[in-house]
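*Asks:* The following file, coords-v1.cif, comprises mmCIF, C-alpha atoms and all ligand atoms:
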```cif
data_work
#
loop_
_atom_site.group_PDB
_atom_site.id
_atom_site.type_symbol
_atom_site.label_atom_id
_atom_site.label_comp_id
_atom_site.auth_asym_id
_atom_site.auth_seq_id
_atom_site.Cartn_x
_atom_site.Cartn_y
_atom_site.Cartn_z
ATOM 1 C CA MET A 132 22.582 14.114 25.199
ATOM 2 C CA ALA A 133 25.822 14.765 23.382
ATOM 3 C CA ASN A 134 26.139 18.155 21.807
ATOM 4 C CA PRO A 135 25.938 17.521 18.023
ATOM 5 C CA CYS A 136 28.805 19.967 17.572
ATOM 6 C CA ALA A 137 30.950 17.683 19.719
ATOM 7 C CA LEU A 138 30.408 14.748 17.353
ATOM 8 C CA PRO A 139 33.267 13.842 15.026
ATOM 9 C CA THR A 140 33.076 16.006 11.924
ATOM 10 C CA LEU A 141 31.693 14.300 8.844
ATOM 11 C CA ALA A 142 35.048 14.820 7.149
ATOM 12 C CA ASP A 143 36.852 12.518 9.613
ATOM 13 C CA PRO A 144 36.712 8.889 8.464
ATOM 14 C CA PRO A 145 35.149 6.541 11.045
ATOM 15 C CA SER A 146 37.477 4.221 12.965
ATOM 16 C CA GLU A 147 36.985 0.432 13.288
ATOM 17 C CA GLN A 148 35.445 1.058 16.686
ATOM 18 C CA ASP A 149 33.027 3.612 15.222
ATOM 19 C CA LEU A 150 32.025 1.188 12.471
ATOM 20 C CA ALA A 151 31.303 -1.504 15.037
ATOM 21 C CA SER A 152 28.404 0.645 16.302
ATOM 22 C CA LEU A 153 26.701 0.697 12.891
ATOM 23 C CA PRO A 154 24.588 -2.521 13.129
ATOM 24 C CA LYS A 155 22.922 -1.425 16.377
ATOM 25 C CA LEU A 156 22.296 2.086 15.074
ATOM 26 C CA GLU A 157 20.971 0.743 11.788
ATOM 27 C CA LYS A 158 18.623 -1.590 13.650
ATOM 28 C CA ARG A 159 17.206 1.308 15.722
ATOM 29 C CA ILE A 160 16.656 3.520 12.671
ATOM 30 C CA PHE A 161 15.041 0.720 10.652
ATOM 31 C CA ARG A 162 12.786 -0.233 13.560
ATOM 32 C CA ARG A 163 11.559 3.338 13.936
ATOM 33 C CA VAL A 164 11.028 3.781 10.191
ATOM 34 C CA GLY A 165 9.208 0.431 10.002
ATOM 35 C CA GLU A 166 6.887 1.464 12.820
ATOM 36 C CA ALA A 167 6.171 4.838 11.196
ATOM 37 C CA ILE A 168 5.444 3.195 7.834
ATOM 38 C CA GLY A 169 3.082 0.711 9.477
ATOM 39 C CA THR A 170 1.344 3.189 11.777
ATOM 40 C CA TYR A 171 0.750 5.874 9.166
ATOM 41 C CA ASN A 172 0.398 3.590 6.130
ATOM 42 C CA LEU A 173 3.188 5.429 4.305
ATOM 43 C CA ILE A 174 4.011 2.925 1.560
ATOM 44 C CA ALA A 175 1.665 0.730 -0.447
ATOM 45 C CA HIS A 176 2.195 -1.941 -3.088
ATOM 46 C CA GLY A 177 2.851 -0.347 -6.482
ATOM 47 C CA ASP A 178 3.873 3.063 -5.101
ATOM 48 C CA ARG A 179 6.169 5.190 -7.219
ATOM 49 C CA ILE A 180 8.157 7.190 -4.658
ATOM 50 C CA LEU A 181 9.998 10.387 -5.489
ATOM 51 C CA VAL A 182 12.753 10.959 -2.910
ATOM 52 C CA GLY A 183 13.781 14.560 -2.267
ATOM 53 C CA LEU A 184 17.584 14.266 -2.290
ATOM 54 C CA SER A 185 19.329 17.474 -1.260
ATOM 55 C CA GLY A 186 22.663 15.787 -0.511
ATOM 56 C CA GLY A 187 22.311 16.645 3.190
ATOM 57 C CA LYS A 188 22.642 13.931 5.861
ATOM 58 C CA ASP A 189 18.909 13.421 6.322
ATOM 59 C CA SER A 190 18.165 12.917 2.644
ATOM 60 C CA TRP A 191 20.991 10.345 2.309
ATOM 61 C CA ALA A 192 19.688 8.482 5.363
ATOM 62 C CA LEU A 193 16.194 8.484 3.864
ATOM 63 C CA LEU A 194 17.434 7.137 0.545
ATOM 64 C CA ASP A 195 19.516 4.450 2.251
ATOM 65 C CA VAL A 196 16.609 3.249 4.387
ATOM 66 C CA LEU A 197 14.102 3.243 1.512
ATOM 67 C CA THR A 198 16.407 1.399 -0.895
ATOM 68 C CA SER A 199 17.154 -1.231 1.791
ATOM 69 C CA LEU A 200 13.462 -1.646 2.501
ATOM 70 C CA GLN A 201 12.749 -1.929 -1.198
ATOM 71 C CA LYS A 202 14.968 -5.023 -1.359
ATOM 72 C CA ARG A 203 13.356 -6.856 1.536
ATOM 73 C CA ALA A 204 9.789 -5.540 1.959
ATOM 74 C CA PRO A 205 6.913 -7.763 0.839
ATOM 75 C CA VAL A 206 5.348 -4.782 -0.978
ATOM 76 C CA LYS A 207 6.892 -3.725 -4.269
ATOM 77 C CA PHE A 208 7.550 -0.039 -4.868
ATOM 78 C CA GLU A 209 9.683 2.110 -7.142
ATOM 79 C CA ILE A 210 12.209 4.785 -6.098
ATOM 80 C CA SER A 211 13.415 7.782 -8.061
ATOM 81 C CA CYS A 212 15.423 10.763 -6.757
ATOM 82 C CA ILE A 213 15.071 14.454 -7.334
ATOM 83 C CA THR A 214 17.403 17.292 -6.353
ATOM 84 C CA VAL A 215 16.291 20.911 -6.430
ATOM 85 C CA ASP A 216 19.182 23.143 -7.493
ATOM 86 C CA PRO A 217 18.416 26.535 -5.918
ATOM 87 C CA GLY A 218 21.023 28.323 -8.011
ATOM 88 C CA PHE A 219 23.274 29.266 -5.088
ATOM 89 C CA PRO A 220 26.786 29.524 -6.582
ATOM 90 C CA ALA A 221 28.229 27.249 -3.885
ATOM 91 C CA PHE A 222 25.760 24.416 -4.543
ATOM 92 C CA ASN A 223 26.942 21.597 -6.803
ATOM 93 C CA PRO A 224 24.699 18.555 -7.363
ATOM 94 C CA ASP A 225 27.332 16.551 -9.323
ATOM 95 C CA ARG A 226 28.385 14.366 -6.393
ATOM 96 C CA ILE A 227 24.742 13.506 -5.679
ATOM 97 C CA ALA A 228 24.251 12.459 -9.307
ATOM 98 C CA GLU A 229 27.420 10.318 -9.164
ATOM 99 C CA VAL A 230 26.268 8.352 -6.105
ATOM 100 C CA CYS A 231 22.839 7.758 -7.654
ATOM 101 C CA GLU A 232 24.442 6.561 -10.869
ATOM 102 C CA GLN A 233 26.750 4.175 -8.967
ATOM 103 C CA ARG A 234 23.698 2.715 -7.248
ATOM 104 C CA GLY A 235 21.611 2.507 -10.402
ATOM 105 C CA LEU A 236 19.038 4.946 -9.072
ATOM 106 C CA PRO A 237 17.166 7.294 -11.411
ATOM 107 C CA HIS A 238 18.033 10.896 -10.501
ATOM 108 C CA ASN A 239 17.086 14.283 -11.886
ATOM 109 C CA VAL A 240 18.034 17.844 -11.032
ATOM 110 C CA LEU A 241 15.370 20.541 -11.107
ATOM 111 C CA GLY A 242 16.675 24.069 -11.484
ATOM 112 C CA ALA A 243 14.881 26.683 -9.362
ATOM 113 C CA PRO A 244 15.568 30.424 -9.411
ATOM 114 C CA ILE A 245 15.630 30.597 -5.606
ATOM 115 C CA ASP A 246 18.897 32.540 -5.344
ATOM 116 C CA GLU A 247 17.636 35.143 -7.827
ATOM 117 C CA LEU A 248 14.195 35.500 -6.213
ATOM 118 C CA VAL A 249 15.552 35.744 -2.696
ATOM 119 C CA ARG A 250 17.879 38.575 -3.793
ATOM 120 C CA GLN A 251 15.108 40.391 -5.662
ATOM 121 C CA ARG A 252 12.784 40.381 -2.658
ATOM 122 C CA PRO A 253 14.841 41.318 0.389
ATOM 123 C CA ASP A 254 11.676 42.562 2.118
ATOM 124 C CA ALA A 255 9.907 39.188 2.058
ATOM 125 C CA THR A 256 10.946 36.384 4.375
ATOM 126 C CA PRO A 257 13.298 34.502 2.038
ATOM 127 C CA CYS A 258 12.819 31.086 3.642
ATOM 128 C CA ILE A 259 9.074 31.280 3.007
ATOM 129 C CA ILE A 260 9.635 32.004 -0.695
ATOM 130 C CA CYS A 261 12.253 29.278 -0.838
ATOM 131 C CA SER A 262 10.121 26.554 0.729
ATOM 132 C CA ARG A 263 7.043 27.483 -1.340
ATOM 133 C CA LEU A 264 9.077 27.306 -4.535
ATOM 134 C CA ARG A 265 10.662 23.990 -3.642
ATOM 135 C CA ARG A 266 7.305 22.497 -2.658
ATOM 136 C CA GLY A 267 5.607 23.793 -5.816
ATOM 137 C CA LEU A 268 8.348 22.334 -8.018
ATOM 138 C CA LEU A 269 8.282 18.947 -6.321
ATOM 139 C CA TYR A 270 4.489 18.785 -6.470
ATOM 140 C CA SER A 271 4.273 19.624 -10.148
ATOM 141 C CA TYR A 272 7.175 17.308 -11.086
ATOM 142 C CA ALA A 273 5.645 14.399 -9.150
ATOM 143 C CA LYS A 274 2.219 14.982 -10.664
ATOM 144 C CA GLN A 275 3.602 15.327 -14.181
ATOM 145 C CA HIS A 276 5.637 12.102 -13.904
ATOM 146 C CA GLY A 277 3.045 9.949 -12.146
ATOM 147 C CA PHE A 278 4.694 9.582 -8.724
ATOM 148 C CA THR A 279 2.282 8.440 -6.042
ATOM 149 C CA LYS A 280 4.336 9.697 -3.052
ATOM 150 C CA ILE A 281 6.985 12.328 -2.342
ATOM 151 C CA ALA A 282 9.347 11.214 0.455
ATOM 152 C CA LEU A 283 11.126 13.891 2.490
ATOM 153 C CA GLY A 284 13.910 13.445 5.062
ATOM 154 C CA HIS A 285 12.485 15.420 7.982
ATOM 155 C CA HIS A 286 13.221 13.764 11.323
ATOM 156 C CA LEU A 287 11.997 13.871 14.909
ATOM 157 C CA ASP A 288 14.035 16.960 15.814
ATOM 158 C CA ASP A 289 12.509 18.807 12.841
ATOM 159 C CA LEU A 290 9.021 17.865 14.030
ATOM 160 C CA LEU A 291 9.691 18.929 17.634
ATOM 161 C CA GLU A 292 11.294 22.222 16.602
ATOM 162 C CA THR A 293 8.391 22.962 14.238
ATOM 163 C CA LEU A 294 5.913 22.222 17.018
ATOM 164 C CA LEU A 295 7.631 24.763 19.289
ATOM 165 C CA LEU A 296 8.079 27.310 16.481
ATOM 166 C CA ASN A 297 4.338 27.188 15.772
ATOM 167 C CA LEU A 298 3.571 27.425 19.473
ATOM 168 C CA PHE A 299 5.967 30.300 20.237
ATOM 169 C CA PHE A 300 5.762 32.327 17.034
ATOM 170 C CA GLY A 301 2.802 31.083 14.983
ATOM 171 C CA GLY A 302 -0.047 30.892 17.490
ATOM 172 C CA LYS A 303 -1.017 27.342 16.551
ATOM 173 C CA LEU A 304 -0.507 23.787 17.684
ATOM 174 C CA ALA A 305 0.861 21.980 14.654
ATOM 175 C CA THR A 306 3.930 20.258 13.306
ATOM 176 C CA MET A 307 5.062 18.619 10.061
ATOM 177 C CA PRO A 308 2.679 15.754 9.293
ATOM 178 C CA VAL A 309 4.089 12.256 8.809
ATOM 179 C CA ARG A 310 1.740 11.856 5.847
ATOM 180 C CA LEU A 311 -0.045 14.681 4.070
ATOM 181 C CA THR A 312 -2.226 14.819 0.986
ATOM 182 C CA SER A 313 -2.110 18.144 -0.843
ATOM 183 C CA ASP A 314 -5.265 20.306 -0.957
ATOM 184 C CA ASP A 315 -6.026 19.269 -4.563
ATOM 185 C CA GLY A 316 -5.483 15.586 -3.687
ATOM 186 C CA ALA A 317 -2.829 15.228 -6.405
ATOM 187 C CA ASN A 318 0.208 14.696 -4.137
ATOM 188 C CA THR A 319 0.956 12.744 -0.992
ATOM 189 C CA VAL A 320 4.017 13.704 1.044
ATOM 190 C CA ILE A 321 5.495 11.127 3.431
ATOM 191 C CA ARG A 322 8.160 11.554 6.144
ATOM 192 C CA PRO A 323 9.396 8.045 7.011
ATOM 193 C CA LEU A 324 12.169 9.397 9.325
ATOM 194 C CA ALA A 325 9.671 11.340 11.459
ATOM 195 C CA THR A 326 10.479 9.406 14.630
ATOM 196 C CA CYS A 327 14.262 9.106 14.093
ATOM 197 C CA GLU A 328 16.582 11.401 16.023
ATOM 198 C CA GLU A 329 18.798 13.778 14.071
ATOM 199 C CA GLU A 330 21.900 12.679 15.932
ATOM 200 C CA ASP A 331 21.311 9.050 14.878
ATOM 201 C CA LEU A 332 20.922 10.089 11.242
ATOM 202 C CA ARG A 333 24.034 12.262 11.335
ATOM 203 C CA ARG A 334 26.060 9.341 12.660
ATOM 204 C CA PHE A 335 24.449 6.841 10.280
ATOM 205 C CA THR A 336 25.324 8.804 7.111
ATOM 206 C CA TRP A 337 28.836 9.452 8.440
ATOM 207 C CA LEU A 338 29.439 5.748 9.171
ATOM 208 C CA LYS A 339 28.056 4.827 5.758
ATOM 209 C CA GLY A 340 30.357 7.316 4.022
ATOM 210 C CA TYR A 341 27.790 9.411 2.179
ATOM 211 C CA PRO A 342 29.138 12.698 0.761
ATOM 212 C CA ILE A 343 27.488 15.658 2.468
ATOM 213 C CA VAL A 344 26.759 18.352 -0.099
ATOM 214 C CA PRO A 345 26.402 21.856 1.401
ATOM 215 C CA CYS A 346 23.256 23.664 0.255
ATOM 216 C CA GLY A 347 25.305 26.813 -0.357
ATOM 217 C CA CYS A 348 22.623 29.189 0.924
ATOM 218 C CA PRO A 349 24.136 32.429 2.239
ATOM 219 C CA LEU A 350 21.123 32.845 4.555
ATOM 220 C CA CYS A 351 21.429 29.542 6.407
ATOM 221 C CA ALA A 352 23.149 31.215 9.334
ATOM 222 C CA CYS A 353 21.240 34.468 9.415
ATOM 223 C CA SER A 354 17.615 34.276 8.247
ATOM 224 C CA VAL A 355 14.999 35.026 10.907
ATOM 225 C CA LEU A 356 13.342 31.627 10.522
ATOM 226 C CA GLU A 357 16.628 29.750 10.712
ATOM 227 C CA SER A 358 17.748 31.606 13.826
ATOM 228 C CA ARG A 359 14.383 30.918 15.501
ATOM 229 C CA ARG A 360 14.740 27.240 14.612
ATOM 230 C CA LYS A 361 18.230 27.188 16.144
ATOM 231 C CA GLN A 362 16.841 28.870 19.261
ATOM 232 C CA THR A 363 14.243 26.101 19.715
ATOM 233 C CA LYS A 364 16.874 23.413 19.028
ATOM 234 C CA VAL A 365 19.109 24.851 21.753
ATOM 235 C CA LEU A 366 16.156 25.119 24.121
ATOM 236 C CA ILE A 367 15.288 21.425 23.696
ATOM 237 C CA GLU A 368 18.945 20.444 24.153
ATOM 238 C CA GLN A 369 19.204 22.498 27.326
ATOM 239 C CA LEU A 370 16.010 21.010 28.756
ATOM 240 C CA GLN A 371 17.237 17.544 27.885
ATOM 241 C CA GLY A 372 19.957 17.991 30.494
ATOM 242 C CA SER A 373 17.368 17.883 33.291
ATOM 243 C CA ILE A 374 14.587 16.001 31.429
ATOM 244 C CA PRO A 375 16.385 13.172 29.563
ATOM 245 C CA GLN A 376 13.133 11.738 28.157
ATOM 246 C CA ILE A 377 11.911 15.088 26.789
ATOM 247 C CA LYS A 378 11.957 14.108 23.105
ATOM 248 C CA ALA A 379 10.183 10.807 23.725
ATOM 249 C CA SER A 380 7.561 12.595 25.802
ATOM 250 C CA MET A 381 7.022 15.314 23.162
ATOM 251 C CA LEU A 382 6.712 12.622 20.479
ATOM 252 C CA LYS A 383 4.136 10.776 22.586
ATOM 253 C CA ALA A 384 2.239 14.025 23.209
ATOM 254 C CA MET A 385 1.928 14.661 19.462
ATOM 255 C CA SER A 386 0.032 11.402 19.063
ATOM 256 C CA ASN A 387 -1.973 11.761 22.276
ATOM 257 C CA VAL A 388 -3.958 14.984 21.783
ATOM 258 C CA LYS A 389 -6.793 15.715 24.212
ATOM 259 C CA ASN A 390 -9.068 17.827 22.044
ATOM 260 C CA SER A 391 -11.495 18.488 24.873
ATOM 261 C CA HIS A 392 -8.695 19.977 26.999
ATOM 262 C CA LEU A 393 -7.729 22.647 24.504
ATOM 263 C CA LEU A 394 -9.524 25.855 23.602
ATOM 264 C CA ASP A 395 -10.337 25.275 19.947
ATOM 265 C CA LEU A 396 -14.120 25.504 19.476
ATOM 266 C CA LYS A 397 -13.864 23.541 16.239
ATOM 267 C CA LEU A 398 -12.501 20.570 18.192
ATOM 268 C CA GLY A 399 -12.724 19.477 21.785
ATOM 269 C CA ALA A 400 -14.214 22.612 23.252
ATOM 270 C CA LEU A 401 -17.467 21.392 21.685
ATOM 271 C CA THR A 402 -17.613 18.505 24.142
ATOM 272 C CA ALA A 403 -16.192 20.484 27.051
ATOM 273 C CA MET A 404 -18.812 23.238 26.996
ATOM 274 C CA GLY A 405 -21.734 21.346 25.519
ATOM 275 C CA VAL A 406 -22.668 21.154 21.865
ATOM 276 C CA ASP A 407 -25.519 23.691 21.942
ATOM 277 C CA GLU A 408 -23.475 26.464 23.535
ATOM 278 C CA ALA A 409 -20.475 25.828 21.311
ATOM 279 C CA VAL A 410 -22.575 25.826 18.127
ATOM 280 C CA GLU A 411 -24.149 29.093 19.238
ATOM 281 C CA ARG A 412 -20.732 30.688 19.774
ATOM 282 C CA LEU A 413 -19.459 29.459 16.419
ATOM 283 C CA GLY A 414 -22.400 31.293 14.869
HETATM 284 S S1 LIG A 501 18.079 29.210 4.796
HETATM 285 FE FE1 LIG A 501 17.233 27.332 3.861
HETATM 286 S S2 LIG A 501 15.038 27.772 3.626
HETATM 287 FE FE2 LIG A 501 16.058 29.752 3.959
HETATM 288 S S3 LIG A 501 16.462 30.548 1.898
HETATM 289 FE FE3 LIG A 501 18.294 29.391 2.555
HETATM 290 S S4 LIG A 501 17.988 27.297 1.745
HETATM 291 FE FE4 LIG A 501 16.014 28.355 1.692
#
```
Could you write out this structure as structure tokens?
Ligand code: SF4
*Replies:*
Amino acid sequence: MANPCALPTLADPPSEQDLASLPKLEKRIFRRVGEAIGTYNLIAHGDRILVGLSGGKDSWALLDVLTSLQKRAPVKFEISCITVDPGFPAFNPDRIAEVCEQRGLPHNVLGAPIDELVRQRPDATPCIICSRLRRGLLYSYAKQHGFTKIALGHHLDDLLETLLLNLFFGGKLATMPVRLTSDDGANTVIRPLATCEEEDLRRFTWLKGYPIVPCGCPLCACSVLESRRKQTKVLIEQLQGSIPQIKASMLKAMSNVKNSHLLDLKLGALTAMGVDEAVERLG
């Protein structure tokens, strides 16, 4: 696999030859998104979908795919965009708003005191505070405005890295779900790009000319969580050199869980050891 750092920078305009690769790439991304939508029942007729639009490559790819699907899908659904402004001085959502306006898409910016809170609590893991705040804001906005789904731009590499992060550092087997209903049942989060590779999305948004808006977070390069995530990304890339199909195999494994061959008494261990003994152990 090509090193993502070796790809042309997003600032370089694509050549004619680069642009010629767009139809094939687009077809692959749309096929994967279509399969994910069908398999996990992500979009239904009458849905009002709130798209989390950070201005990063993944969120632009998500918006592009959903707006294209909206035009040709047999089911009718509505799209609206939301950008969380974390208050980092270097973050500017104006360009995001401009693109949405040009495309006639409703767009709102939600201010969040993430910069302030992260600075006030240097002891706490800042990324945890940040993601809880963002999630809380999106959930309450969606609920308040009657959105039936919140669409996020996480992709296959995010899912694989999260799986390894949980395995190596969190002591659990779990990743980001493709579809998740919140504990109170009020919100449903969907991740239509869950089976698309990051490299494809990076190239797609570059070829389509979307403006990449930096998040402006001073911790992106140095927080503990971010550096662990980079570590797992590098690990997968290194392994891919000798196991080219590693991502496809990991993706398949996530949808092919053998409960009985794990050690969780709440799941398969019940059948492996016999119900009576397992119930006794669970108390
Ligand atoms: S690195 Fe990302 S998750 Fe962590 S505080 Fe910054 S913006 Fe939030």
*Asks:* Care to translate the PyMOL selection byres (((not hetatm)) within 10 of (chain A and resi 501)) into actual residues of this file, as number ranges by chain?
*Replies:* A: 217, 219, 245-246, 248-250, 256-265, 346-358
*Asks:* Using all atoms listed in the file, pick whichever of A:Gln233, A:Thr326, A:Gln251, A:Thr279 has the shortest atom-to-atom distance to Arg159 of chain A.
*Replies:*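 Of all the options, A:Thr326 lies closest to Arg159 of chain A.
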*Asks:* Which polymer residues, whether protein, DNA or RNA, lie within 10 Å of the coordinate (7.8, 18.6, 16.5) when you count only C-alpha atoms? List them as a PDB file with C-alpha atoms, in the frame of the given file, using the chain letters and numbers from the file.
*Replies:*
```pdb
ATOM      1  CA  HIS A 286      13.221  13.764  11.323  1.00  0.00           C
ATOM      2  CA  LEU A 287      11.997  13.871  14.909  1.00  0.00           C
ATOM      3  CA  ASP A 288      14.035  16.960  15.814  1.00  0.00           C
ATOM      4  CA  ASP A 289      12.509  18.807  12.841  1.00  0.00           C
ATOM      5  CA  LEU A 290       9.021  17.865  14.030  1.00  0.00           C
ATOM      6  CA  LEU A 291       9.691  18.929  17.634  1.00  0.00           C
ATOM      7  CA  GLU A 292      11.294  22.222  16.602  1.00  0.00           C
ATOM      8  CA  THR A 293       8.391  22.962  14.238  1.00  0.00           C
ATOM      9  CA  LEU A 294       5.913  22.222  17.018  1.00  0.00           C
ATOM     10  CA  LEU A 295       7.631  24.763  19.289  1.00  0.00           C
ATOM     11  CA  LEU A 296       8.079  27.310  16.481  1.00  0.00           C
ATOM     12  CA  ASN A 297       4.338  27.188  15.772  1.00  0.00           C
ATOM     13  CA  LEU A 304      -0.507  23.787  17.684  1.00  0.00           C
ATOM     14  CA  ALA A 305       0.861  21.980  14.654  1.00  0.00           C
ATOM     15  CA  THR A 306       3.930  20.258  13.306  1.00  0.00           C
ATOM     16  CA  MET A 307       5.062  18.619  10.061  1.00  0.00           C
ATOM     17  CA  PRO A 308       2.679  15.754   9.293  1.00  0.00           C
ATOM     18  CA  ALA A 325       9.671  11.340  11.459  1.00  0.00           C
ATOM     19  CA  THR A 326      10.479   9.406  14.630  1.00  0.00           C
ATOM     20  CA  LYS A 378      11.957  14.108  23.105  1.00  0.00           C
ATOM     21  CA  MET A 381       7.022  15.314  23.162  1.00  0.00           C
ATOM     22  CA  LEU A 382       6.712  12.622  20.479  1.00  0.00           C
ATOM     23  CA  ALA A 384       2.239  14.025  23.209  1.00  0.00           C
ATOM     24  CA  MET A 385       1.928  14.661  19.462  1.00  0.00           C
TER      25      MET A 385
END
```
*Asks:* Quick one: everything within 9 Å of Gly187 of chain A, counting all atoms listed in the file, minus sequence neighbours fewer than 4 positions away in the same chain. Send it as an mmCIF file with C-alpha atoms, in the coordinates of the input.
*Replies:*
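Everything below was put into around01.cif:
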```cif
data_model
loop_
_atom_site.group_PDB
_atom_site.id
_atom_site.type_symbol
_atom_site.label_atom_id
_atom_site.label_comp_id
_atom_site.auth_asym_id
_atom_site.auth_seq_id
_atom_site.Cartn_x
_atom_site.Cartn_y
_atom_site.Cartn_z
ATOM 1 C CA TRP A 191 20.991 10.345 2.309
ATOM 2 C CA ALA A 192 19.688 8.482 5.363
ATOM 3 C CA PRO A 342 29.138 12.698 0.761
ATOM 4 C CA ILE A 343 27.488 15.658 2.468
ATOM 5 C CA VAL A 344 26.759 18.352 -0.099
ATOM 6 C CA PRO A 345 26.402 21.856 1.401
ATOM 7 C CA CYS A 346 23.256 23.664 0.255
#
```
*Asks:* Which residues would end up in the selection if the PyMOL selection byres (((chain A and resi 230) around 12) and not hetatm) were applied here, given that I need the answer as an MDAnalysis selection string?
*Replies:* chainID A and resid 184 186 191 194:195 212 224:229 231:238 340:344
*Asks:* Selected by the PyMOL selection byres (((chain A and resi 240) around 7) and not hetatm) in the shown coordinates: which residues, as a PyMOL selection string?
*Replies:* chain A and resi 213-216+238-239+241-242
*Asks:* Pick out the closest residue to Lys274 of chain A from this set: A:Arg179, A:Lys364, A:Arg310, A:Lys207. Count all atoms listed in the file.
*Replies:*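 Using all atoms listed in the file, the shortest distance to Lys274 of chain A belongs to A:Arg179.
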*Asks:* Suppose you want the space between atom CA of Glu209 of chain A and atom CA of Asp178 of chain A; what is it in Å?
*Replies:*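 Spanning atom CA of Glu209 of chain A to atom CA of Asp178 of chain A is a straight-line distance of 6.2 Å.
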*Asks:* Separation of atom CA of Ser391 of chain A and atom CA of Phe300 of chain A, in Å?
*Replies:*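 Value for the atom CA of Ser391 of chain A-atom CA of Phe300 of chain A distance: 23.5 Å.
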*Asks:* Let me make sure I understand: among A:Asp395, A:Ser199, A:Ile180, A:Lys188, which one has the smallest atom-to-atom distance to Gly302 of chain A if we use all atoms listed in the file?
*Replies:*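 Closest candidate: A:Asp395.
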*Asks:* Would you list the contacts of segment 147-151 of chain A as a list in words, taking every protein, DNA or RNA residue within 12 Å and counting all atoms listed in the file, but skipping same-chain residues closer than 4 positions in sequence?
*Replies:* Leu138, Pro139, Asp143, Lys155, Leu156, Glu157, Arg334, Phe335, Thr336, Trp337, Leu338, Lys339 and Gly340 of chain A
*Asks:* Could the centre and edge lengths of an axis-aligned box, enclosing all atoms of segment 206-223 of chain A in the file with 4 Å extra on each side, be given in Å to one decimal as AutoDock Vina command-line options?
*Replies:*
```
--center_x 16.8 --center_y 12.4 --center_z -4.5 --size_x 30.9 --size_y 42.3 --size_z 15.1
```
*Asks:* Suppose you want the space between atom CA of Lys280 of chain A and atom CA of Gly165 of chain A; what is it in Å?
*Replies:*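 Between atom CA of Lys280 of chain A and atom CA of Gly165 of chain A the gap works out to 16.7 Å.
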